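What's in my_file_39.cif: mmCIF, C-alpha atoms
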```cif
data_input
#
loop_
_atom_site.label_atom_id
_atom_site.label_comp_id
_atom_site.auth_asym_id
_atom_site.auth_seq_id
_atom_site.Cartn_x
_atom_site.Cartn_y
_atom_site.Cartn_z
CA MET U 1 13.22 5.06 -17.97
CA SER U 2 11.33 6.69 -15.11
CA GLU U 3 7.55 6.72 -14.97
CA ILE U 4 7.39 10.41 -15.76
CA ASP U 5 9.71 10.02 -18.75
CA SER U 6 7.48 7.26 -20.10
CA TYR U 7 4.48 9.49 -19.60
CA ARG U 8 6.21 12.35 -21.41
CA GLN U 9 7.06 10.01 -24.27
CA PHE U 10 3.43 8.84 -24.55
CA VAL U 11 2.04 12.36 -24.53
CA GLU U 12 4.58 13.74 -27.02
CA ARG U 13 3.89 10.84 -29.35
CA LEU U 14 0.16 11.57 -29.12
CA ALA U 15 0.93 15.17 -30.05
CA GLU U 16 3.11 14.08 -32.98
CA LEU U 17 0.38 11.77 -34.21
CA SER U 18 -2.26 14.50 -33.76
CA SER U 19 -4.27 11.86 -31.98
CA SER U 20 -7.85 12.51 -30.98
CA GLU U 21 -7.69 9.96 -28.15
CA VAL U 22 -8.69 11.25 -24.72
CA PHE U 23 -6.37 10.37 -21.84
CA SER U 24 -6.30 11.15 -18.15
CA ASN U 25 -4.00 13.82 -16.79
CA GLY U 26 -4.76 14.13 -13.12
CA GLN U 27 -1.50 14.07 -11.24
CA PRO U 28 0.47 17.32 -10.83
CA ALA U 29 3.58 15.76 -12.40
CA HIS U 30 1.48 14.68 -15.37
CA ALA U 31 -0.12 18.10 -15.64
CA GLN U 32 3.39 19.53 -15.80
CA VAL U 33 4.16 17.17 -18.69
CA ILE U 34 1.08 18.21 -20.65
CA PHE U 35 1.86 21.92 -20.28
CA GLU U 36 5.46 21.27 -21.31
CA THR U 37 4.12 19.43 -24.35
CA PHE U 38 1.76 22.30 -25.17
CA PHE U 39 4.66 24.75 -25.00
CA LYS U 40 6.88 22.44 -27.03
CA PHE U 41 4.39 21.87 -29.86
CA ALA U 42 2.60 25.25 -29.93
CA LYS U 43 2.72 27.10 -33.23
CA LYS U 44 0.28 29.90 -32.38
CA SER U 45 -0.89 30.05 -28.79
CA VAL U 46 -1.14 28.45 -25.39
CA LEU U 47 -4.11 29.63 -23.29
CA ILE U 48 -4.22 28.61 -19.64
CA PHE U 49 -7.12 29.20 -17.28
CA CYS U 50 -6.07 27.80 -13.90
CA ASN U 51 -6.65 28.20 -10.21
CA LYS U 52 -3.35 29.55 -8.90
CA LEU U 53 -0.40 28.53 -11.12
CA SER U 54 0.43 25.82 -8.62
CA GLU U 55 4.07 25.54 -7.59
CA LYS U 56 3.96 21.76 -8.06
CA VAL U 57 3.09 22.15 -11.73
CA TYR U 58 4.42 25.50 -12.91
CA GLY U 59 7.38 25.87 -10.56
CA GLN U 60 9.40 23.21 -12.38
CA GLN U 61 12.40 24.35 -14.39
CA LEU U 62 11.63 22.06 -17.34
CA LEU U 63 8.25 23.72 -17.79
CA ILE U 64 9.71 27.22 -17.47
CA ASN U 65 12.33 26.37 -20.10
CA ALA U 66 9.65 24.97 -22.42
CA ALA U 67 7.60 28.18 -22.06
CA GLY U 68 10.72 30.27 -22.81
CA ASP U 69 11.46 28.18 -25.92
CA ALA U 70 7.85 28.57 -27.10
CA LEU U 71 8.08 32.35 -26.81
CA ASN U 72 11.33 32.33 -28.78
CA ARG U 73 9.50 30.80 -31.72
CA PRO U 74 7.88 33.43 -33.98
CA GLY U 75 4.11 33.75 -33.71
CA VAL U 76 3.63 31.90 -30.43
CA GLU U 77 1.79 33.72 -27.65
CA ILE U 78 1.02 32.66 -24.10
CA LYS U 79 -2.03 33.91 -22.20
CA ILE U 80 -2.70 32.93 -18.61
CA ILE U 81 -5.65 33.72 -16.35
CA THR U 82 -5.51 32.62 -12.73
CA GLN U 83 -8.38 32.58 -10.24
CA GLN U 84 -6.14 33.32 -7.28
CA GLN U 85 -2.80 35.03 -6.82
CA PRO U 86 -0.14 32.92 -8.58
CA GLU U 87 1.82 30.51 -6.43
CA ALA U 88 4.80 29.59 -8.67
CA GLN U 89 6.89 32.69 -8.10
CA ASN U 90 9.83 31.65 -10.27
CA PHE U 91 7.47 31.10 -13.22
CA VAL U 92 5.83 34.47 -12.61
CA ALA U 93 9.28 36.09 -12.45
CA ALA U 94 10.19 34.49 -15.79
CA LEU U 95 6.88 35.63 -17.33
CA THR U 96 7.47 39.18 -16.10
CA ARG U 97 11.00 39.16 -17.53
CA TRP U 98 9.78 37.87 -20.92
CA LYS U 99 7.01 40.46 -20.98
CA GLY U 100 9.62 43.15 -20.33
CA GLU U 101 11.52 41.82 -23.35
CA GLY U 102 8.40 42.43 -25.48
CA LYS U 103 7.37 38.79 -25.84
CA PRO U 104 3.64 38.16 -26.49
CA ILE U 105 2.55 37.11 -23.04
CA SER U 106 -0.20 38.05 -20.64
CA LEU U 107 -0.85 37.06 -17.05
CA ALA U 108 -4.01 38.20 -15.28
CA THR U 109 -5.95 37.32 -12.15
CA THR U 110 -9.75 37.24 -12.14
CA PHE U 111 -11.83 39.86 -10.31
CA PRO U 112 -13.61 38.44 -7.26
CA GLY U 113 -17.32 37.79 -7.67
CA THR U 114 -17.15 37.02 -11.38
CA PHE U 115 -17.97 33.71 -13.04
CA ALA U 116 -14.28 33.38 -13.91
CA SER U 117 -13.25 33.56 -10.26
CA GLU U 118 -15.99 31.25 -9.02
CA THR U 119 -16.04 28.38 -11.49
CA GLN U 120 -14.62 25.08 -10.27
CA HIS U 121 -13.38 24.06 -13.71
CA ASN U 122 -10.06 24.88 -15.29
CA PHE U 123 -8.73 24.33 -18.79
CA ALA U 124 -5.90 24.97 -21.20
CA VAL U 125 -5.83 25.11 -24.99
CA MET U 126 -3.01 24.83 -27.50
CA ASP U 127 -3.36 26.25 -31.02
CA GLY U 128 -7.15 25.86 -30.95
CA LYS U 129 -6.54 22.15 -31.41
CA ALA U 130 -5.38 20.44 -28.21
CA TYR U 131 -6.92 20.89 -24.78
CA ARG U 132 -6.68 19.88 -21.13
CA PHE U 133 -9.82 20.02 -19.04
CA GLU U 134 -10.07 19.83 -15.28
CA PRO U 135 -13.49 18.88 -13.95
CA ALA U 136 -14.94 20.61 -10.89
CA ARG U 137 -12.49 20.46 -7.99
CA ASP U 138 -15.17 19.23 -5.61
CA SER U 139 -16.31 16.34 -7.83
CA GLN U 140 -15.53 12.80 -6.65
CA ASN U 141 -13.51 10.27 -8.62
CA ARG U 142 -12.93 12.65 -11.45
CA THR U 143 -9.57 13.26 -12.97
CA ALA U 144 -8.43 15.88 -15.44
CA PHE U 145 -8.22 14.72 -19.03
CA ALA U 146 -6.62 15.91 -22.20
CA CYS U 147 -6.79 15.45 -25.93
CA MET U 148 -4.17 16.43 -28.50
CA ASN U 149 -6.53 16.90 -31.40
CA ASP U 150 -10.10 18.01 -30.94
CA PRO U 151 -10.41 21.30 -32.84
CA GLU U 152 -14.14 21.62 -32.10
CA ILE U 153 -13.87 21.51 -28.32
CA ALA U 154 -10.57 23.39 -28.32
CA ALA U 155 -12.08 26.22 -30.40
CA LYS U 156 -15.02 26.54 -28.01
CA LEU U 157 -12.71 26.62 -25.01
CA SER U 158 -10.60 29.28 -26.76
CA GLN U 159 -13.73 31.38 -27.31
CA LEU U 160 -14.64 30.99 -23.65
CA PHE U 161 -11.12 32.05 -22.69
CA GLU U 162 -11.60 35.23 -24.73
CA ARG U 163 -14.83 35.91 -22.86
CA LEU U 164 -13.09 35.37 -19.52
CA GLU U 165 -10.31 37.84 -20.32
CA PRO U 166 -12.35 40.97 -19.45
CA CYS U 167 -13.04 39.39 -16.02
CA ALA U 168 -9.35 39.55 -15.14
CA ALA U 169 -6.55 42.06 -14.84
CA MET F 170 -7.10 -5.46 -53.90
CA CYS F 171 -9.96 -7.17 -55.67
CA CYS F 172 -9.55 -4.83 -58.63
CA LEU F 173 -5.90 -5.73 -58.81
CA ALA F 174 -6.64 -9.45 -58.63
CA LEU F 175 -9.22 -9.16 -61.39
CA TRP F 176 -7.28 -6.74 -63.53
CA PRO F 177 -5.36 -9.27 -65.70
CA PHE F 178 -8.59 -11.14 -66.44
CA SER F 179 -10.58 -8.08 -67.40
CA SER F 180 -7.82 -6.39 -69.39
CA GLU F 181 -7.12 -9.65 -71.17
CA TYR F 182 -10.81 -9.90 -72.08
CA PHE F 183 -11.07 -6.37 -73.40
CA LEU F 184 -7.80 -6.51 -75.29
CA ARG F 185 -8.79 -9.81 -76.87
CA ASN F 186 -12.18 -8.43 -77.89
CA TRP F 187 -10.74 -5.23 -79.23
CA GLY F 188 -8.37 -7.28 -81.34
CA VAL F 189 -5.36 -5.41 -80.14
CA LEU F 190 -3.84 -8.19 -78.07
CA GLY F 191 -0.76 -8.56 -80.24
CA GLY F 192 0.18 -4.91 -79.97
CA GLY F 193 -1.19 -4.55 -76.47
CA HIS F 194 1.28 -6.70 -74.52
CA PHE F 195 3.64 -3.91 -73.64
CA ILE F 196 0.82 -1.58 -72.58
CA GLU F 197 -0.77 -4.38 -70.60
CA VAL F 198 2.43 -5.24 -68.72
CA SER F 199 3.42 -1.64 -68.01
CA THR F 200 -0.11 -0.73 -66.90
CA GLY F 201 -0.11 -3.79 -64.68
CA ILE F 202 3.15 -2.79 -63.06
CA ASN F 203 1.88 0.74 -62.54
CA ILE F 204 -1.35 -0.47 -60.98
CA ALA F 205 0.59 -2.88 -58.76
CA LEU F 206 2.92 -0.09 -57.60
CA ILE F 207 0.11 2.36 -56.95
CA SER F 208 -1.87 -0.30 -55.09
CA TRP F 209 1.20 -1.28 -53.10
CA GLN F 210 1.73 2.37 -52.10
CA ALA F 211 -1.94 2.75 -51.12
CA PHE F 212 -1.73 -0.47 -49.14
CA ARG F 213 1.40 0.63 -47.30
CA GLU F 214 -0.20 3.96 -46.46
CA ARG F 215 -3.26 2.18 -45.13
CA VAL F 216 -1.14 -0.11 -42.98
CA GLN F 217 0.93 2.80 -41.70
CA SER F 218 -2.17 4.81 -40.92
CA ALA F 219 -3.69 1.85 -39.04
CA GLU F 220 -0.44 1.45 -37.10
CA ARG F 221 -0.41 5.14 -36.19
CA GLN F 222 -4.01 4.97 -34.98
CA LEU F 223 -3.31 1.91 -32.90
CA GLU F 224 -0.15 3.44 -31.48
CA ALA F 225 -2.19 6.49 -30.47
CA LYS F 226 -4.72 4.23 -28.75
CA ILE F 227 -1.99 2.33 -26.90
CA ASN F 228 -0.35 5.58 -25.82
CA SER F 229 -3.61 7.08 -24.63
CA VAL F 230 -4.47 4.02 -22.54
CA ALA F 231 -0.93 3.79 -21.15
CA ALA F 232 -0.90 7.51 -20.35
CA SER F 233 -4.28 7.18 -18.69
CA ALA F 234 -3.03 4.47 -16.33
CA GLU F 235 -1.61 7.19 -14.13
CA ASP F 236 -2.95 6.17 -10.75
CA ILE F 237 -2.31 2.45 -11.06
CA ASP F 238 0.60 0.26 -12.08
CA GLN F 239 1.46 1.90 -15.35
CA ASP F 240 4.23 -0.51 -16.28
CA ARG F 241 1.98 -3.53 -15.83
CA TYR F 242 -0.70 -1.91 -17.95
CA ARG F 243 1.71 -0.89 -20.66
CA GLY F 244 3.08 -4.44 -20.63
CA LEU F 245 -0.39 -5.90 -20.96
CA ILE F 246 -1.14 -3.70 -23.90
CA SER F 247 2.12 -3.78 -25.78
CA GLN F 248 3.04 -7.44 -25.19
CA VAL F 249 -0.26 -8.58 -26.58
CA LEU F 250 -1.03 -5.97 -29.17
CA LEU F 251 2.32 -5.30 -30.76
CA PRO F 252 2.92 -8.91 -31.91
CA VAL F 253 -0.63 -8.99 -33.27
CA LEU F 254 -0.07 -5.71 -35.03
CA ARG F 255 3.18 -7.03 -36.55
CA MET F 256 1.46 -10.22 -37.56
CA ARG F 257 -1.28 -8.18 -39.18
CA THR F 258 1.20 -6.02 -41.07
CA TRP F 259 3.47 -8.83 -42.26
CA GLY F 260 0.62 -11.26 -42.80
CA SER F 261 -1.12 -8.69 -44.95
CA CYS F 262 2.11 -7.96 -46.86
CA LEU F 263 2.64 -11.67 -47.54
CA VAL F 264 -0.92 -12.27 -48.64
CA TYR F 265 -0.87 -9.13 -50.73
CA ALA F 266 2.25 -10.34 -52.49
CA LEU F 267 0.54 -13.69 -53.05
CA ALA F 268 -2.46 -11.88 -54.50
CA ILE F 269 -0.26 -10.01 -56.98
CA ILE F 270 1.44 -13.25 -58.02
CA ALA F 271 -1.96 -14.94 -58.27
CA ALA F 272 -3.25 -12.12 -60.46
CA LEU F 273 -0.27 -12.42 -62.78
CA VAL F 274 -0.52 -16.22 -62.88
CA GLY F 275 -4.25 -15.91 -63.49
CA GLY F 276 -3.63 -13.59 -66.41
CA ALA F 277 -1.01 -15.92 -67.81
CA LEU F 278 -3.27 -18.97 -67.43
CA LEU F 279 -6.07 -17.23 -69.27
CA TYR F 280 -3.64 -16.08 -71.92
CA VAL F 281 -2.50 -19.63 -72.67
CA GLY F 282 -6.09 -20.77 -72.75
CA GLN F 283 -6.50 -22.50 -69.37
CA SER F 284 -10.01 -22.47 -68.05
CA SER F 285 -11.63 -21.41 -64.80
CA PRO F 286 -11.09 -24.18 -62.16
CA TYR F 287 -7.58 -22.89 -61.54
CA VAL F 288 -8.69 -19.30 -61.63
CA LEU F 289 -11.07 -19.68 -58.69
CA TRP F 290 -8.24 -20.93 -56.47
CA LEU F 291 -6.35 -17.78 -57.31
CA LEU F 292 -8.90 -15.72 -55.43
CA LEU F 293 -7.82 -17.48 -52.22
CA PRO F 294 -5.11 -14.93 -51.36
CA THR F 295 -7.68 -12.15 -51.49
CA ALA F 296 -9.93 -14.08 -49.13
CA LEU F 297 -6.94 -14.74 -46.85
CA GLN F 298 -6.03 -11.07 -46.92
CA LEU F 299 -9.53 -10.13 -45.80
CA ALA F 300 -9.49 -12.80 -43.09
CA VAL F 301 -6.11 -11.70 -41.69
CA SER F 302 -7.17 -8.09 -41.80
CA TRP F 303 -10.56 -8.48 -40.13
CA VAL F 304 -9.64 -11.13 -37.56
CA THR F 305 -6.60 -9.21 -36.27
CA LEU F 306 -8.44 -5.90 -36.33
CA GLY F 307 -11.30 -7.47 -34.40
CA PHE F 308 -8.94 -8.91 -31.81
CA MET F 309 -7.06 -5.62 -31.38
CA THR F 310 -10.27 -3.66 -31.00
CA PHE F 311 -11.50 -6.16 -28.42
CA TRP F 312 -8.22 -5.98 -26.49
CA MET F 313 -8.24 -2.19 -26.42
CA TRP F 314 -11.83 -2.25 -25.23
CA LEU F 315 -10.90 -4.72 -22.48
CA MET F 316 -7.93 -2.58 -21.42
CA ARG F 317 -10.03 0.55 -21.27
CA LYS F 318 -12.73 -1.25 -19.28
CA GLY F 319 -10.08 -2.62 -16.91
CA LEU F 320 -8.62 0.82 -16.48
CA ARG F 321 -12.00 2.27 -15.71
CA PHE F 322 -12.66 -0.54 -13.25
CA PHE F 323 -9.37 -0.41 -11.33
CA GLY F 324 -8.26 3.15 -11.83
CA PRO F 325 -9.74 6.62 -11.72
CA THR F 326 -12.82 7.40 -13.74
CA ILE F 327 -11.46 8.28 -17.14
CA PRO F 328 -14.10 9.54 -19.52
CA SER F 329 -14.47 7.99 -22.93
CA PRO F 330 -14.08 10.48 -25.81
CA LYS F 331 -17.87 10.80 -25.93
CA GLU F 332 -18.15 11.41 -22.19
CA ALA F 333 -15.26 13.88 -22.29
CA THR F 334 -16.93 15.86 -25.05
CA ALA F 335 -20.24 15.81 -23.18
CA GLU F 336 -18.58 16.98 -19.97
CA VAL F 337 -16.81 19.89 -21.63
CA GLN F 338 -19.97 20.82 -23.55
CA THR F 339 -21.94 20.89 -20.27
CA PHE F 340 -19.37 23.21 -18.74
CA LEU F 341 -19.34 25.42 -21.84
CA ARG F 342 -23.13 25.73 -21.78
CA GLU F 343 -23.11 26.53 -18.08
CA ALA F 344 -20.35 29.10 -18.56
CA LYS F 345 -22.15 30.72 -21.48
CA ASN F 346 -25.41 30.97 -19.53
CA LYS F 347 -23.75 32.45 -16.47
CA LEU F 348 -21.66 34.90 -18.49
CA ASN F 349 -24.70 36.02 -20.50
CA ARG F 350 -26.73 36.50 -17.32
CA ARG F 351 -24.03 38.64 -15.70
CA GLU F 352 -23.58 40.75 -18.81
#
```

Kindly transcribe the structure held in the file into structure tokens.
Amino acid sequence: MSEIDSYRQFVERLAELSSSEVFSNGQPAHAQVIFETFFKFAKKSVLIFCNKLSEKVYGQQLLINAAGDALNRPGVEIKIITQQQPEAQNFVAALTRWKGEGKPISLATTFPGTFASETQHNFAVMDGKAYRFEPARDSQNRTAFACMNDPEIAAKLSQLFERLEPCAA
Amino acid sequence: MCCLALWPFSSEYFLRNWGVLGGGHFIEVSTGINIALISWQAFRERVQSAERQLEAKINSVAASAEDIDQDRYRGLISQVLLPVLRMRTWGSCLVYALAIIAALVGGALLYVGQSSPYVLWLLLPTALQLAVSWVTLGFMTFWMWLMRKGLRFFGPTIPSPKEATAEVQTFLREAKNKLNRRE
């Protein structure tokens, strides 16, 4: 089993167990796994506030398939806010196609000069329960971390996401 | 567990005092079986829940070892902890079974009029159960702590759950302040 498959297995098991353990999620390949897991387990929503939908993370076919599967499940919506123009063009193309099909999806980029465009932190939330948090990009020795079951933090991040939505179009 | 071990003694006492012992055998036995089954179910659930929690801890530490030798870390965790976890589970099962037998034997001994010296020995399984439970839990907790410390020492700085919460809260406060100011 490859390293990334082991990682996927660990993370999916944490999701199945609804574990409140915090674990690191710094590498792009590992970030891809966590977003795949969010899409796979989401029952209501996946909210992503990221820098530029990096090709390394969001350009992977497995992740795009997972997002498509999530949208095919009733009641699941995906909302994405980026700080810069999106990089993963094939993911953006898929999102545009799904939106055209009437799926509940939104993709917006922040207006320059707003807090949303300037903050160094990024985050994602699944179902108001699981989250991934990326500390400031300029901080030293800090890696992104995630938790599959922390409703309190996840709810606060969801509320913040709602407040960031008017800062993007 | 203790209640179960003491149940035959107490029920025997009450039934004897209420003068219903002759007619109470069937009720006593069936109640005993029911209590044993319910306790067994509760015990199994507790063991399963403990296993799930530990598995989550192992997975979180293994998943966190992303910038260092993950296989070695996973090996360190699972090769040490899984046998201990199995020992804890099966050891507890064995001692629990002993405790049930001891409770039944204790009840029987009292019923035929044997006195207390034997009865005290019958509490040994309960003491063993507690020892197995606490010693293994202590060791596993220590090992997880050591693994996390090692990970923090050799690998990237991974926040503890408390630190993670504090870090997100700081960001949330900062975001709220800045958003309120701009509005």

> Between F:Arg342, F:Arg221, F:Lys331, F:Arg257, which is the closest to Ala300 of chain F once you count only C-alpha atoms?
Replying inline: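 Ranking F:Arg342, F:Arg221, F:Lys331, F:Arg257 by distance to Ala300 of chain F, first place goes to F:Arg257.
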
> Taking all atoms listed in the file into account, which of U:Phe161, U:Tyr58, U:Phe38, U:Tyr7 comes nearest Leu95 of chain U?
Replying inline: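 Among the listed residues, the smallest separation from Leu95 of chain U belongs to U:Tyr58.
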
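The set of residues that the PyMOL selection byres ((chain F) within 7 of (chain U)) takes from this file is Arg221, Ala225, Lys226, Asn228, Ser229, Val230, Ala232, Ser233, Pro325, Thr326, Ile327, Ser329, Pro330, Lys347 and Leu348 of chain F.
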
>> Take the PyMOL selection byres ((chain U and resi 63) around 10), run it mentally on this structure, and tell me the resulting residues as a list in words.
In response: Gln32, Val33, Ile34, Phe35, Glu36, Thr37, Phe38, Phe39, Lys40, Val57, Tyr58, Gly59, Gln60, Gln61, Leu62, Ile64, Asn65, Ala66, Ala67, Gly68, Asp69 and Phe91 of chain U

> atom CA of Glu77 of chain U and atom CA of Met148 of chain U, how far apart in Å?
Replying inline: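 The value is 18.3 Å.
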
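What separates atom CA of Thr334 of chain F from atom CA of Leu53 of chain U is a distance of 25.1 Å.
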
> Hey, can you check how far atom CA of Ala31 of chain U sits from atom CA of Cys50 of chain U?
Replying inline: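 Separation between atom CA of Ala31 of chain U and atom CA of Cys50 of chain U: 11.5 Å.
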
May I have the centre and edge lengths, in Å to one decimal, of an axis-aligned box around the listed atoms of segment 58-63 of chain U with 8 Å added to every side, as AutoDock Vina command-line options?
```
--center_x 8.4 --center_y 24.0 --center_z -14.2 --size_x 24.0 --size_y 19.8 --size_z 23.2
```

>> Translate the PyMOL selection byres ((chain U and resi 167) around 12) into a concrete residue list for this structure, as a PyMOL selection string.
In response: (chain U and resi 49+81-83+108-118+160-166+168-169) or (chain F and resi 348+351-352)

> Could you pull the residues within 8 Å of Pro151 of chain U, counting all atoms listed in the file, minus those fewer than 4 positions along the same chain, as a ChimeraX atom specification?
Replying inline: /U:128-130,155
